[in-house]
Amino acid sequence: MEKRKFIYEGKAKRLYETDDQDILIQEFKDDATAFDATKRGTIGNKGIVNNKLSEKIFTLLEKKGIPTHFIKRLNDRDMLVKRVKIVPIEVTMRNIVAGGMAKLLALDEGIILKKPVLEWHYKEDKLHDPLINDDHVMALGIATPKELEIIKKYSYKVNEALKKFFDSKNLILVDFKLEFGRYKGKTMILADEISPDTCRLWDKTTKEKLDKDRFRRDLGNVEEAYQEVLRRVMA
Ligand SMILES: Nc1ncnc2c1ncn2[C@@H]1O[C@H](COP(=O)(O)OP(=O)(O)O)[C@@H](O)[C@H]1O
Ligand SMILES: [Mg+2]
């Protein structure tokens with residue numbers, strides 16, 4: 001399938017229509033942003049890494065019974081996906097304290113949580129993706145109670161599958177972000193991407209950060225970290 005009309009350019013990807021109205025091409029860019037796009041840069045070959053990692057992970061999740069938008073990887077930077085209406089919440093799942101949770105509650109990074117923590121963040125950069133709860137989501141009609149239950153169920157399942165998978169690659173899954181959408185206006189499926197842009201991954205032995213925090217915090221060797229995750233995941 002070929003790219004037809006360009007429809008959206010986001011911070012990390014571009015979307016194109018295809019000849020099928022229910023199918024899009026998602027193109028992964030090297031552009032990197034942080035802190036609600038106040039920090040901007042590029043990470044060499046990030047688009048290629050994230051495309052291949054997303055392919056691998058979506059395929060694994062489909063096998064575990066989680067429906068995703070992934071259809072097929074077309075080339076280095078493009079994948080074919082089912083077109084959805086994105087539910088405007090980012091689902092954050094945390095296993096270890098880091099990032100926003102460390103800041104919100106003045107906690108040290110690295111504290112192992114007694115259970116996974118699921119958070120909803122309203123997807124709006126201007127508002128800095130504020131933390132909201134189930135009642136906000138339902139009261140504002142962002143999702144129905146039934147949809148929330150499905151999203152929760154899938155999110156915990158994704159966490160269990162990915163924790164195990166990354167552990168086998170000597171990586172700790174600290175936290176990650178998911179986006180869901182309604183395919184053909186109803187069926188809830190996992191969309192967007194799963195990559196070091198959207199997951200915090202630490203080396204199990206050294207606790208070295210191998211994700212976008214290297215870019216956010218100017219830790220150096222950003223491109224190398226993404227390549228290392230790809231190398232391990234493909235091994
Ligand atoms: N299958 C899909 N159908 C429609 N939109 C999608 C799909 N998967 C992801 N998206 C949306 O496409 C955009 C992807 O580009 P990205 O660069 O991540 O954007 P953003 O800057 O909004 O994070 C996001 O807004 C995401 O919600
Ligand atoms: Mg995005």
# chains A, B, ... in the order shown; residues from 1 in each chain; ligands from 1
>>> residues_around(residues="Thr206 in chain A", least_positions_apart="4", cutoff="12 Å", atoms="only C-alpha atoms", output="compact mmCIF listing (two decimals) with all heavy atoms, in the first residue's frame")
# COMPACT_ATOMS: atom_id res chain seq x y z
N ASN A 170 17.59 -8.45 29.76
CA ASN A 170 18.36 -7.75 30.80
C ASN A 170 18.00 -6.26 30.91
O ASN A 170 18.84 -5.41 31.15
CB ASN A 170 19.87 -7.92 30.57
CG ASN A 170 20.65 -7.84 31.87
OD1 ASN A 170 20.25 -8.45 32.87
ND2 ASN A 170 21.72 -7.08 31.90
N LEU A 171 16.69 -5.98 30.73
CA LEU A 171 16.20 -4.60 30.86
C LEU A 171 15.08 -4.55 31.90
O LEU A 171 14.25 -5.48 31.96
CB LEU A 171 15.66 -4.10 29.52
CG LEU A 171 16.70 -3.87 28.41
CD1 LEU A 171 16.00 -3.74 27.05
CD2 LEU A 171 17.54 -2.63 28.71
N ILE A 172 15.06 -3.50 32.68
CA ILE A 172 13.97 -3.28 33.63
C ILE A 172 12.97 -2.32 33.00
O ILE A 172 13.34 -1.23 32.57
CB ILE A 172 14.49 -2.66 34.95
CG1 ILE A 172 15.55 -3.56 35.60
CG2 ILE A 172 13.35 -2.39 35.91
CD1 ILE A 172 16.25 -2.90 36.78
N LEU A 201 13.45 2.34 30.27
CA LEU A 201 14.13 1.05 30.32
C LEU A 201 15.50 1.23 30.94
O LEU A 201 16.28 2.07 30.48
CB LEU A 201 14.27 0.50 28.88
CG LEU A 201 12.97 0.21 28.14
CD1 LEU A 201 13.21 0.02 26.64
CD2 LEU A 201 12.29 -1.04 28.73
N TRP A 202 15.77 0.48 32.00
CA TRP A 202 17.08 0.55 32.65
C TRP A 202 17.79 -0.78 32.50
O TRP A 202 17.16 -1.85 32.59
CB TRP A 202 16.93 0.85 34.15
CG TRP A 202 16.34 2.19 34.48
CD1 TRP A 202 16.04 3.22 33.61
CD2 TRP A 202 15.94 2.64 35.79
NE1 TRP A 202 15.50 4.28 34.30
CE2 TRP A 202 15.42 3.96 35.64
CE3 TRP A 202 15.97 2.07 37.07
CZ2 TRP A 202 14.94 4.71 36.71
CZ3 TRP A 202 15.49 2.82 38.14
CH2 TRP A 202 14.99 4.13 37.96
N LEU A 210 18.37 3.58 29.32
CA LEU A 210 18.49 3.28 27.89
C LEU A 210 17.22 3.74 27.17
O LEU A 210 16.59 2.98 26.44
CB LEU A 210 18.73 1.79 27.69
CG LEU A 210 20.09 1.27 28.21
CD1 LEU A 210 20.17 -0.24 28.16
CD2 LEU A 210 21.25 1.88 27.42
>>> residues_around(residues="Lys186 in chain A", least_positions_apart="3", cutoff="12 Å", atoms="only C-alpha atoms", output="PyMOL selection string")
chain A and resi 83-87+143-144+146-147+180-183+189
>>> select_by_dssp(residues="range 114-158 of chain A", states="strand (DSSP E)", output="MDAnalysis selection string")
chainID A and resid 114:122 131:132
>>> write_last_selection(atoms="N, CA and C atoms", output="compact mmCIF listing (two decimals), in the first residue's frame")
# COMPACT_ATOMS: atom_id res chain seq x y z
N LYS A 114 4.88 -1.36 45.24
CA LYS A 114 4.33 -2.63 45.76
C LYS A 114 3.34 -3.25 44.78
N LYS A 115 2.78 -2.42 43.91
CA LYS A 115 1.93 -2.91 42.81
C LYS A 115 2.06 -1.91 41.66
N PRO A 116 1.75 -2.34 40.43
CA PRO A 116 1.82 -1.39 39.32
C PRO A 116 0.82 -0.25 39.54
N VAL A 117 1.19 0.94 39.13
CA VAL A 117 0.33 2.11 39.25
C VAL A 117 -0.10 2.55 37.86
N LEU A 118 -1.44 2.58 37.66
CA LEU A 118 -1.97 3.05 36.38
C LEU A 118 -2.46 4.48 36.54
N GLU A 119 -2.06 5.35 35.63
CA GLU A 119 -2.49 6.76 35.67
C GLU A 119 -3.12 7.13 34.33
N TRP A 120 -4.11 8.02 34.39
CA TRP A 120 -4.63 8.65 33.17
C TRP A 120 -4.07 10.05 33.11
N HIS A 121 -3.55 10.42 31.94
CA HIS A 121 -3.14 11.82 31.72
C HIS A 121 -3.93 12.34 30.53
N TYR A 122 -4.65 13.44 30.74
CA TYR A 122 -5.40 14.04 29.65
C TYR A 122 -4.41 14.54 28.60
N LEU A 131 -2.76 14.97 35.15
CA LEU A 131 -3.21 13.72 35.75
C LEU A 131 -4.71 13.84 36.07
N ILE A 132 -5.50 12.87 35.61
CA ILE A 132 -6.93 12.88 35.92
C ILE A 132 -7.34 11.48 36.42
>>> residues_near_ligand(ligand="ligand 2", cutoff="7 Å", atoms="only C-alpha atoms and all ligand atoms", output="PDB file with all heavy atoms, in the first residue's frame")
ATOM      1  N   GLY A  10       2.894  14.881  13.918  1.00  0.00           N
ATOM      2  CA  GLY A  10       3.046  15.047  15.354  1.00  0.00           C
ATOM      3  C   GLY A  10       4.505  15.269  15.691  1.00  0.00           C
ATOM      4  O   GLY A  10       5.311  15.586  14.817  1.00  0.00           O
ATOM      5  N   LYS A  11       4.824  15.085  16.955  1.00  0.00           N
ATOM      6  CA  LYS A  11       6.182  15.357  17.412  1.00  0.00           C
ATOM      7  C   LYS A  11       7.154  14.275  16.944  1.00  0.00           C
ATOM      8  O   LYS A  11       8.321  14.555  16.726  1.00  0.00           O
ATOM      9  CB  LYS A  11       6.196  15.473  18.944  1.00  0.00           C
ATOM     10  CG  LYS A  11       5.309  16.629  19.445  1.00  0.00           C
ATOM     11  CD  LYS A  11       5.394  16.837  20.939  1.00  0.00           C
ATOM     12  CE  LYS A  11       4.810  15.689  21.749  1.00  0.00           C
ATOM     13  NZ  LYS A  11       3.324  15.584  21.670  1.00  0.00           N
ATOM     14  N   ALA A  12       6.669  13.052  16.806  1.00  0.00           N
ATOM     15  CA  ALA A  12       7.576  11.936  16.492  1.00  0.00           C
ATOM     16  C   ALA A  12       7.206  11.174  15.219  1.00  0.00           C
ATOM     17  O   ALA A  12       8.016  10.393  14.726  1.00  0.00           O
ATOM     18  CB  ALA A  12       7.608  10.959  17.668  1.00  0.00           C
TER      19      ALA A  12
END
>>> residues_near_ligand(ligand="ligand 1", cutoff="9 Å", atoms="only C-alpha atoms and all ligand atoms", output="ChimeraX atom specification")
/A:8-15,22-29,31,33,37,68-70,80-88,90,123-125,179-183,189-193
>>> select_by_dssp(residues="range 1-97 of chain A", states="alpha helix (DSSP H)", output="PyMOL selection string")
chain A and resi 46-63
>>> residues_around(residues="range 102-108 of chain A", least_positions_apart="4", cutoff="12 Å", atoms="only C-alpha atoms", output="number ranges by chain")
A: 94, 96-98, 112-113, 130-131, 175
>>> write_last_selection(atoms="N, CA, C and O atoms", output="CSV table (one decimal), in the first residue's frame")
chain,number,residue,atom,x,y,z
A,94,ARG,N,3.2,2.3,35.8
A,94,ARG,CA,4.5,2.4,36.5
A,94,ARG,C,4.8,1.2,37.4
A,94,ARG,O,3.9,0.7,38.1
A,96,ILE,N,8.2,1.2,38.8
A,96,ILE,CA,9.3,1.8,39.6
A,96,ILE,C,9.1,3.3,39.6
A,96,ILE,O,8.7,3.8,38.5
A,97,VAL,N,9.3,4.0,40.7
A,97,VAL,CA,9.1,5.5,40.7
A,97,VAL,C,10.2,6.1,39.8
A,97,VAL,O,11.4,5.8,39.9
A,98,ALA,N,9.7,7.0,38.9
A,98,ALA,CA,10.6,7.8,38.1
A,98,ALA,C,9.8,9.0,37.5
A,98,ALA,O,8.6,9.0,37.7
A,112,ILE,N,10.9,0.7,44.2
A,112,ILE,CA,10.1,-0.3,43.6
A,112,ILE,C,8.7,-0.3,44.2
A,112,ILE,O,8.5,-0.3,45.4
A,113,LEU,N,7.7,-0.1,43.3
A,113,LEU,CA,6.3,0.0,43.8
A,113,LEU,C,5.7,-1.4,44.2
A,113,LEU,O,6.1,-2.4,43.6
A,130,PRO,N,-2.3,16.8,32.1
A,130,PRO,CA,-2.6,16.7,33.5
A,130,PRO,C,-3.1,15.3,33.9
A,130,PRO,O,-3.8,14.7,33.2
A,131,LEU,N,-2.8,15.0,35.2
A,131,LEU,CA,-3.2,13.7,35.8
A,131,LEU,C,-4.7,13.8,36.1
A,131,LEU,O,-5.1,14.8,36.7
A,175,ASP,N,8.6,2.2,33.6
A,175,ASP,CA,7.2,2.7,33.3
A,175,ASP,C,7.1,2.8,31.8
A,175,ASP,O,8.0,2.7,31.0
>>> atom_distance(atom1="CA of Ala34 in chain A", atom2="CA of Ala225 in chain A")
16.8 Å
>>> residues_around(residues="Glu149 in chain A", least_positions_apart="6", cutoff="12 Å", atoms="only C-alpha atoms", output="list in words")
Asp134, Val137, Met138, Ala143, Ser155, Tyr156 and Met188 of chain A
>>> residues_around(residues="range 54-59 of chain A", least_positions_apart="6", cutoff="12 Å", atoms="only C-alpha atoms", output="PyMOL selection string")
chain A and resi 26-28+46-48+65-81+158-159+161-163+165-166+178+189-199+229-235
>>> atom_distance(atom1="CA of Asn45 in chain A", atom2="CA of Glu223 in chain A")
7.3 Å
>>> residues_around(residues="Arg4 in chain A", least_positions_apart="5", cutoff="8 Å", atoms="only C-alpha atoms", output="PDB file with C-alpha atoms, in the first residue's frame")
ATOM      1  CA  TYR A  16      -0.829   9.306   5.818  1.00  0.00           C
ATOM      2  CA  GLU A  17      -4.010   7.925   4.356  1.00  0.00           C
ATOM      3  CA  THR A  18      -3.948   4.922   2.030  1.00  0.00           C
ATOM      4  CA  ASP A  19      -6.410   3.652  -0.555  1.00  0.00           C
TER       5      ASP A  19
END
>>> closest_residue(among="A:Ala32, A:Met1, A:Ile7, A:Ile150", to="Asp20 in chain A", atoms="only C-alpha atoms")
A:Met1
>>> atom_distance(atom1="CA of Lys212 in chain A", atom2="CA of His136 in chain A")
29.1 Å
>>> closest_residue(among="A:Lys169, A:Thr92, A:Ile151, A:Asp30", to="Val49 in chain A", atoms="only C-alpha atoms")
A:Asp30
